[in-house]
Amino acid sequence: MKPEALAGLDLLASAVLIADAAGRIEYANAAAESLLDSSLKALSHKTISTLFANGDELVALCEQAKAHKYADIRQDLTLERSGREALHVHSIVSTLDNGATLIELRANVQQLKLDREERILDQSQANKELIRNLAHEIKNPLGGIRGAAQLLELELPPLHLAELREYTQVIIKEADRLQTLVDRLLAPHRRPHIVGDVNIHEVCERVRSLILAEFPTGLAIRRDYDASIPEFRGDKEQLIQTVLNIAHNAALALSGRIAAGDAEIVFKTRVARQVTLAKVRYALALDLHIIDNGPGIPPQIRDRIFYPLVSGRDGGSGLGLTLAQTFVQQHMGVIECESRPGLTDFRILLPLP
């Protein structure tokens with residue numbers, strides 16, 4: 001039970017823990033229970049050092065606080081948790097009169113945002129350089145393949161022309177498709193927006209129909225729409241391609257669950273308020289989530305999924321998410337991802353009028 005004298009701490013948004021002289025947890029407010037996804041009853045059997053994979057860092061701060069007695073020890077920490085996303089927090093540690101230690105953990109939102117924006121900018125620049133070099137290497141042999149297929153078609157025997165022409169046309173059409181893709185990758189920022197009024201739910205419905213046509217059984221695509229979201233100016237085809245790339249990756253990752261019949265993708269839309277995107281403050285933003293219940297992104301590539309040629313499955317090109325990120329950035333937005341086994345959530349934020 002929580003002591004009544006400490007009940008007021010439940011009103012705080014920051015997590016508060018109190019540990020005895022031996023480091024055993026005696027108290028956790030509601031925010032701490034939520035942050036650690038554990039009740040006070042469960043926490044009371046643990047010590048500070050066992051709460052996190054790198055709990056010794058927090059223990060060291062507690063020891064410093066005890067040594068200085070009346071001084072607060074403040075430090076930004078990244079607290080690692082087994083099987084879950086690490087916590088980036090600003091910690092404040094102080095000692096109480098009875099020798100216990102009070103630990104306050106505040107989510108370091110601003111630092112997280114700055115780090116994420118800097119990482120995205122560095123990543124985008126690396127993407128541009130790699131894609132530019134890759135596209136130049138592809139263009140010349142691709143043109144040769146198409147030309148050879150055209151010449152081969154002219155030499156086909158009349159008796160089997162219709163039958164064999166089907167194969168040469170496949171080569172020519174696929175070469176044209178790849179040439180178009182290479183051109184878009186080579187100079188995406190020089191390609192002008194085809195700007196018009198966009199209804200994000202029309203975009204989601206178009207993608208939903210395409211995915212269900214390819215995966216007609218075993219996969220449910222659930223809608224969770226906010227009908228109040230207004231139309232905005234954008235390139236509808238680019239946004240369709242963005243959502244399609246993410247949703248199609250999700251469907252492929254769900255192959256096991258599709259076979260079992262319990263695969264699910266969720267399209268969720270909301271309005272976010274007072275959002276900073278690319279260092280610009282917007283009163284309103286579209287908050288689009290594409291969520292699946294698949295196995296999650298492998299940890300070894302989780303931080304690099306938007307880099308070109310990085311793929312979590314055999315046969316993947318590793319270009320779909322790179323292209324999605326480029327299109328989102330052209331709309332002055334950001335794309336983020338959180339993933340763990342059983343839940344992968346791609347979040348797209350776009351400014352609204």
# chains A, B, ... in the order shown; residues from 1 in each chain; ligands from 1

$ residues_around --residues "Gly261 (chain A)" --least-positions-apart "6" --cutoff "12 Å" --atoms "only C-alpha atoms" --output "PDB file with C-alpha atoms, in the first residue's frame"
ATOM      1  CA  PHE A 215      -3.406 -10.910 -49.465  1.00  0.00           C
ATOM      2  CA  PRO A 216      -7.126 -11.825 -49.634  1.00  0.00           C
ATOM      3  CA  THR A 217      -7.153 -14.289 -46.719  1.00  0.00           C
ATOM      4  CA  GLY A 218      -5.614 -14.395 -43.266  1.00  0.00           C
ATOM      5  CA  LEU A 219      -5.027 -10.631 -43.066  1.00  0.00           C
ATOM      6  CA  ALA A 220      -7.355  -8.012 -41.560  1.00  0.00           C
ATOM      7  CA  LEU A 254       3.163 -11.036 -41.301  1.00  0.00           C
ATOM      8  CA  SER A 255       3.466 -14.174 -43.433  1.00  0.00           C
TER       9      SER A 255
END

$ atom_distance --atom1 "CA of Glu264 (chain A)" --atom2 "CA of His248 (chain A)"
12.2 Å

$ select_by_dssp --residues "region 103-325 of chain A" --states "helix (DSSP H, G or I)" --output "ChimeraX atom specification"
/A:109-154,158-186,200-214,236-253,255-260,299-304,320-325

$ residues_around --residues "Ala100 (chain A)" --least-positions-apart "2" --cutoff "10 Å" --atoms "only C-alpha atoms" --output "PyMOL selection string"
chain A and resi 18-26+62+66+94-98+102-103

$ closest_residue --among "A:Ser44, A:Arg340, A:Val328, A:Leu105" --to "Ala15 (chain A)" --atoms "only C-alpha atoms"
A:Leu105

$ atom_distance --atom1 "CA of Val203 (chain A)" --atom2 "CA of Tyr225 (chain A)"
12.1 Å

$ residues_around --residues "Val89 (chain A)" --least-positions-apart "6" --cutoff "7 Å" --atoms "only C-alpha atoms" --output "PDB file with C-alpha atoms, in the first residue's frame"
ATOM      1  CA  ASP A  76      20.676  12.669 -18.250  1.00  0.00           C
ATOM      2  CA  LEU A  77      20.518   8.884 -18.483  1.00  0.00           C
ATOM      3  CA  THR A  78      19.619   6.241 -21.031  1.00  0.00           C
ATOM      4  CA  LEU A 105      12.808  10.506 -13.605  1.00  0.00           C
ATOM      5  CA  ARG A 106      11.589  12.949 -16.258  1.00  0.00           C
ATOM      6  CA  ALA A 107      11.291  11.983 -19.907  1.00  0.00           C
ATOM      7  CA  ASN A 108      13.967  13.887 -21.791  1.00  0.00           C
TER       8      ASN A 108
END

$ select_by_dssp --residues "region 87-334 of chain A" --states "strand (DSSP E or B)" --output "compact mmCIF listing (two decimals) with N, CA and C atoms, in the first residue's frame"
# COMPACT_ATOMS: atom_id res chain seq x y z
N LEU A 87 14.82 3.97 -22.06
CA LEU A 87 14.21 5.20 -21.57
C LEU A 87 15.27 6.30 -21.54
N HIS A 88 14.97 7.42 -22.19
CA HIS A 88 15.86 8.59 -22.14
C HIS A 88 15.26 9.56 -21.12
N VAL A 89 15.94 9.75 -20.00
CA VAL A 89 15.36 10.52 -18.91
C VAL A 89 16.37 11.51 -18.34
N HIS A 90 15.83 12.54 -17.71
CA HIS A 90 16.63 13.43 -16.86
C HIS A 90 16.36 13.00 -15.42
N SER A 91 17.40 12.59 -14.71
CA SER A 91 17.23 12.06 -13.35
C SER A 91 17.66 13.10 -12.32
N ILE A 92 16.89 13.14 -11.23
CA ILE A 92 17.22 13.98 -10.08
C ILE A 92 17.22 13.07 -8.85
N VAL A 93 18.38 12.95 -8.21
CA VAL A 93 18.53 12.03 -7.08
C VAL A 93 18.91 12.83 -5.84
N SER A 94 18.21 12.58 -4.73
CA SER A 94 18.51 13.27 -3.48
C SER A 94 18.26 12.31 -2.32
N THR A 95 18.84 12.63 -1.17
CA THR A 95 18.67 11.79 0.02
C THR A 95 17.65 12.42 0.96
N THR A 101 16.64 7.20 -0.35
CA THR A 101 16.98 7.96 -1.55
C THR A 101 15.72 8.20 -2.37
N LEU A 102 15.54 9.46 -2.80
CA LEU A 102 14.42 9.81 -3.67
C LEU A 102 14.94 10.01 -5.09
N ILE A 103 14.32 9.31 -6.03
CA ILE A 103 14.74 9.37 -7.44
C ILE A 103 13.57 9.87 -8.28
N GLU A 104 13.80 10.95 -9.00
CA GLU A 104 12.78 11.48 -9.91
C GLU A 104 13.29 11.32 -11.34
N LEU A 105 12.45 10.75 -12.20
CA LEU A 105 12.81 10.51 -13.61
C LEU A 105 11.85 11.28 -14.50
N ARG A 106 12.39 12.16 -15.32
CA ARG A 106 11.59 12.95 -16.26
C ARG A 106 11.99 12.59 -17.68
N ALA A 107 11.00 12.31 -18.51
CA ALA A 107 11.29 11.98 -19.91
C ALA A 107 12.02 13.14 -20.57
N VAL A 195 0.89 18.76 -56.95
CA VAL A 195 0.18 19.15 -55.73
C VAL A 195 -1.31 19.30 -55.98
N GLY A 196 -2.07 18.80 -55.06
CA GLY A 196 -3.52 18.93 -55.09
C GLY A 196 -4.08 18.73 -53.71
N ASP A 197 -5.40 18.77 -53.58
CA ASP A 197 -6.04 18.52 -52.29
C ASP A 197 -6.00 17.03 -51.99
N VAL A 198 -5.55 16.69 -50.80
CA VAL A 198 -5.39 15.28 -50.42
C VAL A 198 -6.27 14.98 -49.21
N LEU A 219 -5.48 -11.96 -43.45
CA LEU A 219 -5.03 -10.63 -43.07
C LEU A 219 -6.22 -9.70 -42.93
N ALA A 220 -6.32 -9.04 -41.77
CA ALA A 220 -7.35 -8.01 -41.56
C ALA A 220 -6.68 -6.65 -41.51
N ILE A 221 -7.26 -5.69 -42.23
CA ILE A 221 -6.77 -4.32 -42.17
C ILE A 221 -7.85 -3.47 -41.51
N ARG A 222 -7.58 -3.05 -40.29
CA ARG A 222 -8.57 -2.34 -39.49
C ARG A 222 -8.37 -0.83 -39.62
N ARG A 223 -9.48 -0.11 -39.68
CA ARG A 223 -9.46 1.34 -39.77
C ARG A 223 -9.76 1.96 -38.41
N ASP A 224 -9.01 2.97 -38.06
CA ASP A 224 -9.26 3.74 -36.84
C ASP A 224 -9.05 5.21 -37.22
N PHE A 232 -5.54 18.53 -47.11
CA PHE A 232 -4.35 19.37 -47.14
C PHE A 232 -3.73 19.28 -48.52
N ARG A 233 -2.82 20.19 -48.79
CA ARG A 233 -2.17 20.23 -50.10
C ARG A 233 -0.99 19.26 -50.11
N GLY A 234 -0.93 18.41 -51.13
CA GLY A 234 0.16 17.46 -51.21
C GLY A 234 0.11 16.68 -52.50
N ASP A 235 1.09 15.80 -52.67
CA ASP A 235 1.17 14.92 -53.83
C ASP A 235 0.53 13.60 -53.45
N ALA A 263 -3.37 -12.28 -38.69
CA ALA A 263 -2.56 -11.11 -39.03
C ALA A 263 -3.43 -9.86 -39.07
N GLU A 264 -2.87 -8.74 -38.59
CA GLU A 264 -3.64 -7.49 -38.56
C GLU A 264 -2.74 -6.29 -38.82
N ILE A 265 -3.24 -5.39 -39.66
CA ILE A 265 -2.63 -4.08 -39.88
C ILE A 265 -3.68 -3.04 -39.53
N VAL A 266 -3.27 -2.00 -38.83
CA VAL A 266 -4.19 -0.93 -38.43
C VAL A 266 -3.74 0.38 -39.06
N PHE A 267 -4.68 1.06 -39.72
CA PHE A 267 -4.47 2.43 -40.19
C PHE A 267 -5.17 3.35 -39.19
N LYS A 268 -4.39 4.14 -38.48
CA LYS A 268 -4.93 5.02 -37.44
C LYS A 268 -4.56 6.46 -37.75
N THR A 269 -5.55 7.35 -37.76
CA THR A 269 -5.30 8.77 -38.02
C THR A 269 -5.80 9.60 -36.85
N ARG A 270 -5.01 10.60 -36.50
CA ARG A 270 -5.37 11.54 -35.46
C ARG A 270 -4.84 12.92 -35.83
N VAL A 271 -5.28 13.93 -35.09
CA VAL A 271 -4.74 15.29 -35.24
C VAL A 271 -3.82 15.55 -34.05
N ALA A 272 -2.57 15.89 -34.33
CA ALA A 272 -1.62 16.29 -33.29
C ALA A 272 -1.56 17.82 -33.24
N ARG A 273 -1.40 18.36 -32.06
CA ARG A 273 -1.41 19.82 -31.89
C ARG A 273 -0.06 20.32 -31.37
N GLN A 274 0.29 21.52 -31.86
CA GLN A 274 1.54 22.17 -31.45
C GLN A 274 2.73 21.22 -31.63
N VAL A 275 2.98 20.90 -32.89
CA VAL A 275 4.03 19.95 -33.25
C VAL A 275 5.17 20.68 -33.94
N THR A 276 6.40 20.32 -33.60
CA THR A 276 7.58 20.87 -34.26
C THR A 276 8.11 19.86 -35.26
N LEU A 277 8.14 20.25 -36.54
CA LEU A 277 8.63 19.39 -37.61
C LEU A 277 9.74 20.13 -38.34
N VAL A 280 10.31 23.67 -37.33
CA VAL A 280 9.23 24.62 -37.57
C VAL A 280 8.02 24.19 -36.74
N ARG A 281 7.42 25.14 -36.05
CA ARG A 281 6.28 24.85 -35.18
C ARG A 281 4.98 24.95 -35.97
N TYR A 282 4.12 23.93 -35.86
CA TYR A 282 2.82 23.91 -36.53
C TYR A 282 1.73 23.74 -35.49
N ALA A 283 0.64 24.46 -35.69
CA ALA A 283 -0.48 24.35 -34.76
C ALA A 283 -1.15 22.99 -34.86
N LEU A 284 -1.25 22.46 -36.10
CA LEU A 284 -1.91 21.18 -36.32
C LEU A 284 -1.05 20.31 -37.23
N ALA A 285 -1.11 19.01 -37.01
CA ALA A 285 -0.39 18.08 -37.88
C ALA A 285 -1.19 16.78 -37.98
N LEU A 286 -1.11 16.17 -39.15
CA LEU A 286 -1.68 14.84 -39.33
C LEU A 286 -0.78 13.83 -38.62
N ASP A 287 -1.38 12.96 -37.83
CA ASP A 287 -0.66 11.92 -37.09
C ASP A 287 -1.17 10.57 -37.59
N LEU A 288 -0.46 9.98 -38.56
CA LEU A 288 -0.87 8.73 -39.18
C LEU A 288 -0.01 7.59 -38.67
N HIS A 289 -0.67 6.53 -38.19
CA HIS A 289 0.05 5.35 -37.71
C HIS A 289 -0.31 4.15 -38.59
N ILE A 290 0.70 3.38 -38.94
CA ILE A 290 0.51 2.11 -39.66
C ILE A 290 1.10 1.05 -38.74
N ILE A 291 0.22 0.26 -38.13
CA ILE A 291 0.59 -0.64 -37.05
C ILE A 291 0.33 -2.08 -37.47
N ASP A 292 1.27 -2.97 -37.17
CA ASP A 292 1.04 -4.39 -37.44
C ASP A 292 1.42 -5.22 -36.23
N VAL A 334 7.80 14.21 -40.99
CA VAL A 334 8.78 13.25 -40.47
C VAL A 334 8.12 11.88 -40.39

$ closest_residue --among "A:Asn54, A:Ile200, A:Ile73, A:Arg81" --to "Asp37 (chain A)" --atoms "only C-alpha atoms"
A:Arg81

$ atom_distance --atom1 "CA of Ile301 (chain A)" --atom2 "CA of Pro351 (chain A)"
28.6 Å

$ closest_residue --among "A:Pro158, A:Ile305, A:Val16, A:Gln179" --to "Asn140 (chain A)" --atoms "only C-alpha atoms"
A:Gln179

$ residues_around --residues "Ile297 (chain A)" --least-positions-apart "2" --cutoff "10 Å" --atoms "only C-alpha atoms" --output "list in words"
Ala250, Ala253, Gly294, Pro295, Pro299, Gln300, Ile301, Arg302, Asp303, Ile305, Ser311, Gly312, Arg313, Cys337, Glu338, Ser339, Arg340, Pro341, Gly342, Leu343 and Thr344 of chain A

$ write_last_selection --atoms "N, CA and C atoms" --output "CSV table (one decimal), in the first residue's frame"
chain,number,residue,atom,x,y,z
A,250,ALA,N,4.8,-4.5,-44.1
A,250,ALA,CA,4.2,-5.1,-42.9
A,250,ALA,C,3.5,-6.5,-43.3
A,253,ALA,N,6.0,-9.2,-43.7
A,253,ALA,CA,6.5,-9.6,-42.4
A,253,ALA,C,5.5,-10.4,-41.6
A,294,GLY,N,3.1,-8.1,-36.3
A,294,GLY,CA,4.1,-9.0,-36.8
A,294,GLY,C,5.3,-9.2,-35.8
A,295,PRO,N,6.3,-9.9,-36.2
A,295,PRO,CA,7.4,-10.2,-35.3
A,295,PRO,C,8.3,-9.1,-34.9
A,299,PRO,N,16.5,-6.3,-34.2
A,299,PRO,CA,17.2,-5.2,-33.5
A,299,PRO,C,18.5,-4.7,-34.2
A,300,GLN,N,19.1,-5.6,-34.9
A,300,GLN,CA,20.4,-5.2,-35.5
A,300,GLN,C,20.2,-4.2,-36.7
A,301,ILE,N,19.0,-4.1,-37.2
A,301,ILE,CA,18.8,-3.1,-38.3
A,301,ILE,C,17.8,-2.0,-37.9
A,302,ARG,N,17.3,-2.0,-36.7
A,302,ARG,CA,16.2,-1.2,-36.3
A,302,ARG,C,16.6,0.3,-36.4
A,303,ASP,N,17.8,0.7,-36.2
A,303,ASP,CA,18.2,2.1,-36.3
A,303,ASP,C,18.6,2.5,-37.7
A,305,ILE,N,16.8,1.3,-40.7
A,305,ILE,CA,15.8,0.8,-41.6
A,305,ILE,C,15.5,1.8,-42.8
A,311,SER,N,17.5,-4.2,-45.5
A,311,SER,CA,16.2,-4.9,-45.5
A,311,SER,C,16.2,-6.0,-44.5
A,312,GLY,N,15.1,-6.2,-43.9
A,312,GLY,CA,14.9,-7.3,-42.9
A,312,GLY,C,14.5,-8.6,-43.4
A,313,ARG,N,14.3,-8.8,-44.7
A,313,ARG,CA,13.9,-10.0,-45.3
A,313,ARG,C,14.6,-10.4,-46.5
A,337,CYS,N,9.6,5.2,-36.3
A,337,CYS,CA,9.2,3.8,-36.2
A,337,CYS,C,9.5,3.4,-34.8
A,338,GLU,N,8.6,2.7,-34.2
A,338,GLU,CA,8.9,1.9,-32.9
A,338,GLU,C,8.5,0.5,-33.2
A,339,SER,N,9.3,-0.4,-32.7
A,339,SER,CA,9.1,-1.8,-33.0
A,339,SER,C,9.5,-2.7,-31.9
A,340,ARG,N,8.7,-3.7,-31.6
A,340,ARG,CA,9.1,-4.8,-30.7
A,340,ARG,C,8.3,-6.0,-31.2
A,341,PRO,N,8.6,-7.2,-30.7
A,341,PRO,CA,7.8,-8.4,-31.1
A,341,PRO,C,6.4,-8.2,-30.8
A,342,GLY,N,5.5,-8.4,-31.8
A,342,GLY,CA,4.1,-8.3,-31.7
A,342,GLY,C,3.5,-6.9,-32.0
A,343,LEU,N,4.4,-5.9,-32.2
A,343,LEU,CA,3.9,-4.6,-32.5
A,343,LEU,C,5.0,-3.7,-33.2
A,344,THR,N,4.7,-3.3,-34.4
A,344,THR,CA,5.5,-2.4,-35.1
A,344,THR,C,4.6,-1.2,-35.5
